[in-house]
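> Got a structure for you, questions after.
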Amino acid sequence: MSQRQIVQVFEQYQKSRLHFVQTVADLATRPQNTEILHNAGVMPMLRSLMLDTVPSIQQMAAVAVGRLADHSDSLAEAVVKEDILPQLVRSLASQNRFYKKAAAFVLRAVAKHSPELSGAVVECGGVDALVLCLEEFDPEVKEAAAWALGCIARHNASLSHSVVEAGAAPLLVLCLLEPDMALKRIAASTLSDICKHTPELAQTVVDTGAIAHLSQMILSRDAKLKRQVFSALSQISKHSVGLAELVVEAEVFPAAFVSLKDPDEYVRKNVATLMREVAKQTPELSQLIVNCGGLSKVIDYLGESRGQPRLPGIMMLGYVAAHGEGLAMAVILCKGVPQLALCLSEEPEQHMKAAAVWSIGQIGHHTPEHAKAVATAGLLPKLLELYMDASSSEDLQTKSKKALKSILQKCTHVPALEPLLYDAPSNILKHVVCQFSKVLPHDSKARRLFVTSGGLKKVQELDAEPGSALQEYINAINSCFPEEIVRYYTPGYSEVLLQRLESYQPA
């Protein structure tokens, strides 16, 4: 046999290996094939092919493993059990950019499924290897590494800490300065995933100068980048007053408000979330947003949105109003109450209703003027209905009850109080009667209206325990009227009159 024939045998073997691994990689793109491949014992074969002497075969084997692991956690667990990760990490340092990209894809595909699988990537030195890839020249390698680090960091604070300890944060911030748009997006996303867990992790990211670079991107034309930028700024702001103030000092407001009209739904939602996280921290930060015109922008946003994206806007109004009566009045003057009433009636989800109810309570509980704004929007019967509805969730019932009580304790608007006399259960009724006992002694028009509308008659029909708070309120109301009027509306008085009529002898 000639030398050429012998060489051909090896060439044929190489072509067969490459054909096999390419075919497996193609089959692995379809989820319905993955279980069949796994049962056929493909993992050990791919493991040996990842140690092949031919770089293209190594790379394609890594791609195939990544695609398999990407589809399900059971296949990702198979990658860990086959001990593929350590050899992958060891070979990362010496391989070309194509292999590094494929290897980072495998680490991401394994890590994304669960904290336990991410832990396996950390234990085999995967995080250190990925951080080294962030220093590569090729932007696609950096992107693949940043993405894998994000999948590890998003699970919990401990895994995020591993990513930060390996020195990823400053390198991710440098990635924000790269011209490659995909790399910018994934770097911002990973920074957001790191920041979300604890104030300490967020502070570590802030210390690398991230806020200044993120804030410069809020007017980018790329919607996917803006999503991640606003998400990262929100995750930083939510932890403390100090961090929120640093975000505000970077002059993100009022520039960010423009994006509440962005065509991209997630950009709009993330801006509203950022505003919520800043507003909840202090009255001063809420006032800053109000002074920049943020309230009317959020209320317009609520009018133009439907479903889940409304949630941060609804809660933002509640946080602003909770800080004090001046800020709550600002929400009222910007027509926030009718918009929240719309959200309450339009949104079918219980948690959305609960958020709207909470915000309404934060607006209405300050003074009689605030309570009147809520009452005249027809919201008191609605809150009562949600509280009494058996199909309402426990959280919705609790929030409805709390909001209703806190508003009633300030409400002096008689036309809004009266319908509740007929529908409210005893634990709410006592608050309604209490308010009448405060209003009626000082308002003659209200007393007249209370009689003619049937309110006084209803109060006489109430069954109150002697000596109870409710009985005291009833007595206080009765003392506002002449005794004969009170007697006239007392149940059974008509029978007394009839008896007197029967025993009456005309002169």
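Identifiers in this document derive from the order of the structure tokens: chains are assigned A, B, ..., residues are numbered from 1 separately in each chain, and ligands are numbered from 1 in order of occurrence.
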As a PyMOL selection string, please: every residue in segment 55-189 of chain A that a backbone DSSP assignment puts in alpha helix (DSSP H).
chain A and resi 55-71+73-81+84-92+97-111+115-123+126-133+139-153+157-165+168-176+181-189
> Near segment 255-259 of chain A, within 12 Å and counting only C-alpha atoms, which residues show up once chain neighbours fewer than 6 positions away are dropped, as a ChimeraX atom specification?
/A:214-223,226-227,229-230,233-234,247-248,265-275,289-290,292-301
> Could you work out how far atom CA of Lys112 of chain A lies from atom CA of Ser56 of chain A, giving the answer in Å with one decimal?
25.8 Å
> List as JSON lines every residue of segment 409-485 of chain A that is in contact with segment 345-366 of chain A, defined as an atom at most 10 Å from one of its atoms (using only C-alpha atoms), together with the nearest atom pair and the distance in Å rounded to one decimal, sorted by chain and then rising number.

{"residue": "A:Gln409", "atom": "CA", "partner": "A:His365", "partner_atom": "CA", "distance": 7.6}
{"residue": "A:Lys410", "atom": "CA", "partner": "A:His365", "partner_atom": "CA", "distance": 6.3}
{"residue": "A:Cys411", "atom": "CA", "partner": "A:His365", "partner_atom": "CA", "distance": 8.5}
> List every residue of segment 230-303 of chain A that has an atom at most 7 Å from any atom of segment 177-193 of chain A, giving for each one its closest atom pair and the distance in Å to one decimal, counting only C-alpha atoms, sorted by chain and then by ascending residue number, as a Markdown table.

| residue | atom | partner | partner_atom | distance |
| --- | --- | --- | --- | --- |
| A:Ser231 | CA | A:Ser192 | CA | 6.2 |
| A:Ala232 | CA | A:Ser192 | CA | 4.0 |
| A:Gln235 | CA | A:Ser192 | CA | 6.1 |
> Can you tell me which residues surround segment 447-458 of chain A at a distance of at most 8 Å, considering only C-alpha atoms, apart from same-chain residues fewer than 5 positions away, and format the answer as an MDAnalysis selection string?
chainID A and resid 418 421:422 440:441 480:481 486 489:490
> Which is closest to His213 of chain A among A:Leu201, A:Gly313, A:Gly242, A:Leu172, if we use only C-alpha atoms?
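That would be A:Leu172, the residue with the smallest distance to His213 of chain A.
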> Suppose you want the space between atom CA of Leu51 of chain A and atom CA of Ala76 of chain A; what is it in Å?
19.3 Å
> Between atom CA of Arg17 of chain A and atom CA of Val54 of chain A, what is the distance in Å, rounded to a tenth?
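Interatomic distance here is 9.8 Å.
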> Using only C-alpha atoms, determine which residues lie at most 12 Å from segment 286-288 of chain A, disregarding the query and same-chain residues fewer than 2 positions distant; provide the list as an NGL selection string.
:A and (241 or 244-245 or 248-249 or 251-254 or 274-284 or 290-295 or 316-331)
> Atoms to include: C-alpha atoms. Write the selected residues as a PDB file, in the first residue's frame.

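Written out: selection.pdb:
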ATOM      1  CA  VAL A 241     -31.404  55.927  49.066  1.00  0.00           C
ATOM      2  CA  ALA A 244     -30.891  55.918  43.952  1.00  0.00           C
ATOM      3  CA  GLU A 245     -29.372  59.364  44.499  1.00  0.00           C
ATOM      4  CA  VAL A 248     -30.455  60.668  39.808  1.00  0.00           C
ATOM      5  CA  GLU A 249     -27.179  62.647  39.975  1.00  0.00           C
ATOM      6  CA  GLU A 251     -29.151  63.247  35.200  1.00  0.00           C
ATOM      7  CA  VAL A 252     -31.261  60.357  33.923  1.00  0.00           C
ATOM      8  CA  PHE A 253     -34.366  62.489  34.641  1.00  0.00           C
ATOM      9  CA  PRO A 254     -36.098  64.074  32.785  1.00  0.00           C
ATOM     10  CA  LEU A 274     -36.814  52.904  37.268  1.00  0.00           C
ATOM     11  CA  MET A 275     -39.134  55.771  38.235  1.00  0.00           C
ATOM     12  CA  ARG A 276     -40.854  53.541  40.795  1.00  0.00           C
ATOM     13  CA  GLU A 277     -37.569  52.411  42.361  1.00  0.00           C
ATOM     14  CA  VAL A 278     -36.321  55.993  42.694  1.00  0.00           C
ATOM     15  CA  ALA A 279     -39.648  57.443  43.888  1.00  0.00           C
ATOM     16  CA  LYS A 280     -40.104  54.886  46.676  1.00  0.00           C
ATOM     17  CA  GLN A 281     -36.858  55.856  48.432  1.00  0.00           C
ATOM     18  CA  THR A 282     -37.532  59.353  49.850  1.00  0.00           C
ATOM     19  CA  PRO A 283     -40.004  62.266  49.581  1.00  0.00           C
ATOM     20  CA  GLU A 284     -37.181  64.374  48.098  1.00  0.00           C
ATOM     21  CA  VAL A 290     -42.741  65.433  40.181  1.00  0.00           C
ATOM     22  CA  ASN A 291     -40.825  68.666  39.536  1.00  0.00           C
ATOM     23  CA  CYS A 292     -39.465  67.232  36.266  1.00  0.00           C
ATOM     24  CA  GLY A 293     -43.016  66.517  35.073  1.00  0.00           C
ATOM     25  CA  GLY A 294     -42.761  62.777  35.677  1.00  0.00           C
ATOM     26  CA  LEU A 295     -46.232  62.285  37.183  1.00  0.00           C
ATOM     27  CA  MET A 316     -45.010  54.451  41.350  1.00  0.00           C
ATOM     28  CA  LEU A 317     -48.105  56.653  41.917  1.00  0.00           C
ATOM     29  CA  GLY A 318     -48.692  54.863  45.228  1.00  0.00           C
ATOM     30  CA  TYR A 319     -45.105  55.367  46.404  1.00  0.00           C
ATOM     31  CA  VAL A 320     -45.184  59.075  45.511  1.00  0.00           C
ATOM     32  CA  ALA A 321     -48.511  59.574  47.326  1.00  0.00           C
ATOM     33  CA  ALA A 322     -47.347  57.613  50.389  1.00  0.00           C
ATOM     34  CA  HIS A 323     -44.593  60.143  51.170  1.00  0.00           C
ATOM     35  CA  GLY A 324     -46.960  62.941  52.223  1.00  0.00           C
ATOM     36  CA  GLU A 325     -50.145  64.878  51.601  1.00  0.00           C
ATOM     37  CA  GLY A 326     -48.444  67.394  49.282  1.00  0.00           C
ATOM     38  CA  LEU A 327     -47.175  64.669  46.953  1.00  0.00           C
ATOM     39  CA  ALA A 328     -50.506  62.821  47.162  1.00  0.00           C
ATOM     40  CA  MET A 329     -52.260  66.042  46.132  1.00  0.00           C
ATOM     41  CA  ALA A 330     -49.861  66.321  43.173  1.00  0.00           C
ATOM     42  CA  VAL A 331     -51.041  62.855  42.039  1.00  0.00           C
TER      43      VAL A 331
END
> From the list A:Leu380, A:Ala168, A:Ile407, A:Leu159, which residue is nearest Leu130 of chain A when using only C-alpha atoms?
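Ranking A:Leu380, A:Ala168, A:Ile407, A:Leu159 by distance to Leu130 of chain A, first place goes to A:Ala168.
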> Select, from A:Gly119, A:Lys382, A:Leu260, A:Leu46, the residue with the minimum atom-to-atom distance to Pro309 of chain A, counting only C-alpha atoms.
A:Leu260
> Would you mind listing what lies within 7 Å of segment 25-30 of chain A as a list of chain:residue names, with only C-alpha atoms counted and same-chain residues fewer than 6 positions away left out?
A:Met60, A:Val63, A:Ala64, A:Arg67, A:Leu68
> So that I have them on file, write out the residues from the current selection with C-alpha atoms, as a PDB file, in the first residue's frame.

ATOM      1  CA  MET A  60     -18.259  21.630  16.280  1.00  0.00           C
ATOM      2  CA  VAL A  63     -21.431  23.512  19.600  1.00  0.00           C
ATOM      3  CA  ALA A  64     -23.320  20.193  19.569  1.00  0.00           C
ATOM      4  CA  ARG A  67     -27.193  22.871  21.737  1.00  0.00           C
ATOM      5  CA  LEU A  68     -28.105  19.676  23.579  1.00  0.00           C
TER       6      LEU A  68
END
> So that I can see what lies close to Ser48 of chain A, please list as an NGL selection string the residues with an atom at most 10 Å from it, counting only C-alpha atoms and leaving out residues fewer than 5 positions away in the same chain.
:A and (43 or 58 or 61 or 84)
> Include N, CA and C atoms and write out the residues we just selected as a CSV table (one decimal), in the first residue's frame.

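Contents of the output file result-v6.csv:
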chain,number,residue,atom,x,y,z
A,43,MET,N,-23.3,11.8,24.3
A,43,MET,CA,-22.5,12.6,25.1
A,43,MET,C,-21.0,12.1,25.3
A,58,GLN,N,-13.2,19.8,17.2
A,58,GLN,CA,-13.3,20.2,18.6
A,58,GLN,C,-14.4,21.3,18.7
A,61,ALA,N,-17.9,19.9,18.0
A,61,ALA,CA,-18.4,19.0,19.1
A,61,ALA,C,-18.9,19.9,20.3
A,84,ILE,N,-17.5,16.8,31.2
A,84,ILE,CA,-17.1,17.6,30.1
A,84,ILE,C,-16.7,19.0,30.5
> Skipping near chain neighbours, those fewer than 6 positions away, what residues fall within 8 Å of Asp73 of chain A using only C-alpha atoms, listed as a PyMOL selection string?
chain A and resi 110+113-114
> Could you write out that same residue set with N, CA and C atoms as a compact mmCIF listing (two decimals), in the first residue's frame?

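Wrote result22.txt, looks like this:
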# COMPACT_ATOMS: atom_id res chain seq x y z
N VAL A 110 -25.46 25.26 30.11
CA VAL A 110 -25.55 24.49 31.36
C VAL A 110 -26.04 25.38 32.50
N HIS A 113 -29.98 26.84 33.54
CA HIS A 113 -31.12 26.04 34.00
C HIS A 113 -31.42 26.16 35.49
N SER A 114 -30.37 26.20 36.32
CA SER A 114 -30.62 26.19 37.77
C SER A 114 -29.39 26.67 38.53
